[in-house]
Amino acid sequence: MHATLPLVSLRQVSKSYTTGKQQIPVLRSITLDVWRGESVAVVGPSGAGKSTLLHVLALLTPVDTGEVWMGGRLLGPDDWWNTARRRQIGMVFQDGKLLSNLNVIDNVCVPLVHRGLWPTHQRQRAADALRLVGLDHRLRHYPNQLSGGELARVAIARALVTEPQLILADEPTGTLDSANGEQVARLLFELVTSERSLVLVTHQAPLAAQARRIITLKDGCIDHG
Amino acid sequence: MDEQVHEVNSSGDHGCLGGIEGDGRAARGWCFASLTLQGIRSSPFQLALTVLTMSVGAMALALTFFVGRGATERVWQDVEQMMGQWVIAYSDAGLDPRWLGGRPRPDFTESELRELKNRLPEAKWVCPIYMSAHPVVYRDRKIVLPVDGITEEISREPLFQPLRGPGFSASAQIGVAWECMVTETASREFAINIDHQPLLLVGGQPYRVVGVVPDPPRIDRRFQGRVVVPYRSARILWIPVGTVGHILVAWRRVQDMNWIVAHLREGLDEVRGPNTYFLSSSQFSVEKSKDLVTNFILLGAAESFFCIVVASIGVLNVMLTNVTRRTHEFSIRLAMGASRHQILGSVVFESVLISLFGAFLGIAIAVVVAPHLTELLAARLPEANLLAPLYCSEGFLYPLLVCCLCGLAAGVLPALRAGRVDVLAALRAEG
């Protein structure tokens with residue numbers, strides 16, 4: 001079915017958190033491939049390890065055991081926090097996680113600042129990304145002046161502005177009403193192209209149903225997918 | 001999988017997931033600076049207070065140098081004013097005559113004077129001078145006054161130029177006429193009318209008063225009443241045969257003073273022996289003044305340094321608070337692709353910038369305040385009446401350097417804390 005390599009591949013990945021002297025396993029021997037142009041929804045009950053799986057894919061936390069392959073390369077211990085690699089992933093957080101002291105366009109510029117683009121290039125790209133999500137009239141507004149749906153769209157623009165091939169979304173519609181949720185979901189799935197993949201974590205079955213593939217996590221294991 | 005990896009790597013795909021590239025080193029530098037400025041803008045009030053604290057230390061340090069160097073310069077000017085660019089060698093040991101070591105006579109001799117002249121060719125003059133005290137009688141008043149016997153070349157100095165009267169005639173300079181001049185104080189004490197060129201008995205010898213000269217500057221009032229006579233006449237009357245009285249050595253530039261005095265000492269040590277002469281104390285008082293000013297600068301610099309260190313603790317405190325407050329921001333930035341080095345560097349750079357702002361502000365204030373401070377000092381201290389600030393390079397460089405280093409040191413701990421942010425914990429905590 002797939003002629004090329006998976007974009008991201010997890011092999012027997014386990015991850016646990018330590019609370020005091022107690023180790024709490026969160027992911028247990030997860031094996032998962034995300035292919036180019038694919039949309040994957042990760043569902044499951046609370047505490048199943050959905051967000052941790054997303055953080056592993058975003059290279060925000062190292063795994064305890066197992067292998068993580070990215071773009072056909074096995075990540076070693078030194079690759080965690082490899083900034084250059086993490087910059088190639090777009091991340092959409094649940095409540096947007098925008099910086100309250102920056103306006104919309106400056107928030108979208110944040111990933112570009114850390115890539116070292118001239119301000120004119122940053123603003124041009126950010127304006128393009130905001131136009132794509134329909135917020136080009138809100139460039140100078142601050143997060144506290146936006147609705148929940150608009151915050152989510154700004155977060156999508158911020159994830160999109162670096163033109164990543166992998167977009168990870170953690171409960172992107174979790175705090176939105178149905179109308180805004182549908183709008184944001186439509187926007188996210190429109191981003192999936194032959195070269196760009198989407199992995200989203202959600203509790204909402206209608207949103208998950210729009211993905212090409214649904215993975216169900218239960219107690220840190222893939223129950224179905 | 002391994003086969004797939006080999007296949008991909010050999011085709012040139014090194015695990016790239018796409019994404020845009022940066023605009024180069026200059027753009028990265030610009031972005032780094034903008035990141036730092038965003039940090040500074042995040043708590044302007046706190047940072048303004050910290051900048052003010054730092055500026056106080058920087059101002060104190062800059063003022064120390066501006067006023068201190070001004071005072072040093074003043075001391076140099078005093079050297080010229082007090083000493084007329086010369087030093088007088090007295091032919092006794094000053095404190096204890098036993099130092100003379102059985103010499104038949106303590107006075108300088110002609111041969112010693114010649115030897116010193118040969119050894120100090122760069123000196124403006126090496127010439128004899130007579131200095132003693134004699135009873136001076138005018139009409140019914142008799143006072144013991146200091147009497148200076150000066151050569152013709154010294155009589156051309158401004159200190160001996162008559163304010164009133166014609167001054168010494170050529171006959172007096174060669175010792176065939178008996179003429180003297182008096183200082184303004186002596187003139188007042190005797191109520192001398194110079195127009196009449198009255199006779200004055202100096203050590204029993206009648207002298208015609210031919211001029212009034214200025215009082216010697218910066219000496220005790222008791223010694224300001226003086227009589228000046230030509231050296232030749234003093235030699236005839238009071239200097240033993242074969243001796244020359246005292247020796248006066250002058251230099252052309254004040255900067256040569258130390259060198260000339262050192263060579264004079266060396267020469268006197270050789271031709272007369274150590275501890276058989278005494279150099280005029282004005283040189284030492286100048287040295288003492290210089291030491292005093294240097295100590296003042298050192299003390300001021302040390303106090304200012306402590307001020308800056310205290311201000312650095314303020315910077316450290318503000319930076320730690322900022323880093324704690326901005327944990328959420330840092331975690332988002334890290335998740336968005338910032339490197340820990342960028343975060344760490346921006347915090348250190350912010351700390352240095354705050355300190356440098358303080359330094360610039362402090363220096364600017366010091367430049368404005370320094371003239372007023374010297375005016376205030378002059379109003380309180382008569383000795384400082386001509387004190388003026390000197391805007392030397394140290395006054396600009398040292399505050400900048402010290403503040404920069406203190407800012408760097410104050411930024412390290414907050415930066416390390418910022419670099420250790422637990423991204424997931426911070427995101428969860430805020431989420």
# chains A, B, ... in the order shown; residues from 1 in each chain; ligands from 1
>>> interface_residues(of="chain A", to="chain B", cutoff="7 Å", atoms="only C-alpha atoms", output="list in words")
Leu5, Leu60, Met70, Gly71, Gly72, Arg73, Thr83, Arg86, Arg87, Gln88, Leu99, Pro111, Val113, His114, Arg115, Gly116, Leu117, Trp118, Thr162, Glu163, Pro164 and Gln165 of chain A
>>> select_by_dssp(residues="stretch 52-147 of chain A", states="strand (DSSP E or B)", output="compact mmCIF listing (two decimals) with N, CA and C atoms, in the first residue's frame")
# COMPACT_ATOMS: atom_id res chain seq x y z
N THR A 65 11.82 2.83 26.70
CA THR A 65 12.34 1.74 25.86
C THR A 65 11.67 1.82 24.49
N GLY A 66 12.23 1.11 23.54
CA GLY A 66 11.66 1.09 22.20
C GLY A 66 12.39 2.05 21.27
N GLU A 67 11.93 2.08 20.02
CA GLU A 67 12.60 2.90 19.00
C GLU A 67 11.62 3.92 18.42
N VAL A 68 12.17 5.08 18.15
CA VAL A 68 11.38 6.11 17.45
C VAL A 68 12.13 6.43 16.16
N TRP A 69 11.44 6.24 15.04
CA TRP A 69 12.02 6.56 13.73
C TRP A 69 11.32 7.79 13.19
N MET A 70 12.09 8.66 12.64
CA MET A 70 11.51 9.89 12.11
C MET A 70 12.12 10.17 10.75
N ARG A 73 14.89 7.78 10.00
CA ARG A 73 16.10 7.79 10.82
C ARG A 73 15.75 7.44 12.26
N LEU A 74 16.52 6.53 12.80
CA LEU A 74 16.29 6.13 14.19
C LEU A 74 16.82 7.22 15.12
N ILE A 89 8.03 19.88 13.16
CA ILE A 89 6.73 19.37 13.59
C ILE A 89 5.88 20.56 14.03
N GLY A 90 4.62 20.56 13.60
CA GLY A 90 3.71 21.62 14.04
C GLY A 90 2.83 21.10 15.16
N MET A 91 2.71 21.88 16.22
CA MET A 91 1.98 21.40 17.40
C MET A 91 0.81 22.33 17.70
N VAL A 92 -0.38 21.74 17.85
CA VAL A 92 -1.56 22.52 18.25
C VAL A 92 -2.00 22.03 19.63
>>> atom_distance(atom1="atom CA of B:Ala364", atom2="atom CA of B:Glu350")
20.9 Å
>>> residues_around(residues="stretch 64-76 of chain B", least_positions_apart="6", cutoff="7 Å", atoms="only C-alpha atoms", output="count of residues only")
16
>>> residues_around(residues="stretch 20-29 of chain A", least_positions_apart="5", cutoff="7 Å", atoms="only C-alpha atoms", output="PyMOL selection string")
chain A and resi 12-15+49+220-221
>>> write_last_selection(atoms="C-alpha atoms", output="CSV table (one decimal), in the first residue's frame")
chain,number,residue,atom,x,y,z
A,12,GLN,CA,7.7,-1.2,21.0
A,13,VAL,CA,7.8,2.2,22.7
A,14,SER,CA,7.2,2.3,26.5
A,15,LYS,CA,7.0,5.3,28.7
A,49,GLY,CA,-1.8,7.9,27.4
A,220,GLY,CA,-1.2,2.7,27.6
A,221,CYS,CA,-1.7,0.0,24.9
>>> residues_around(residues="A:Thr193", least_positions_apart="2", cutoff="12 Å", atoms="only C-alpha atoms", output="VMD selection string")
chain A and resid 35 to 39 163 to 167 188 to 191 195 to 198
>>> write_last_selection(atoms="C-alpha atoms", output="compact mmCIF listing (two decimals), in the first residue's frame")
# COMPACT_ATOMS: atom_id res chain seq x y z
CA TRP A 35 2.41 7.73 6.79
CA ARG A 36 2.68 10.79 4.61
CA GLY A 37 -0.68 12.28 3.72
CA GLU A 38 -2.42 10.35 6.46
CA SER A 39 -4.74 11.62 9.20
CA GLU A 163 5.23 24.38 6.72
CA PRO A 164 5.78 21.15 8.67
CA GLN A 165 5.00 17.74 7.25
CA LEU A 166 3.62 16.50 10.53
CA ILE A 167 0.96 18.36 12.51
CA LEU A 188 -7.36 20.79 10.37
CA PHE A 189 -8.38 18.08 7.93
CA GLU A 190 -8.01 20.50 5.02
CA LEU A 191 -4.36 20.81 5.98
CA GLU A 195 2.94 15.44 1.89
CA ARG A 196 1.48 16.48 5.21
CA SER A 197 0.09 14.22 7.92
CA LEU A 198 -2.09 14.95 10.92
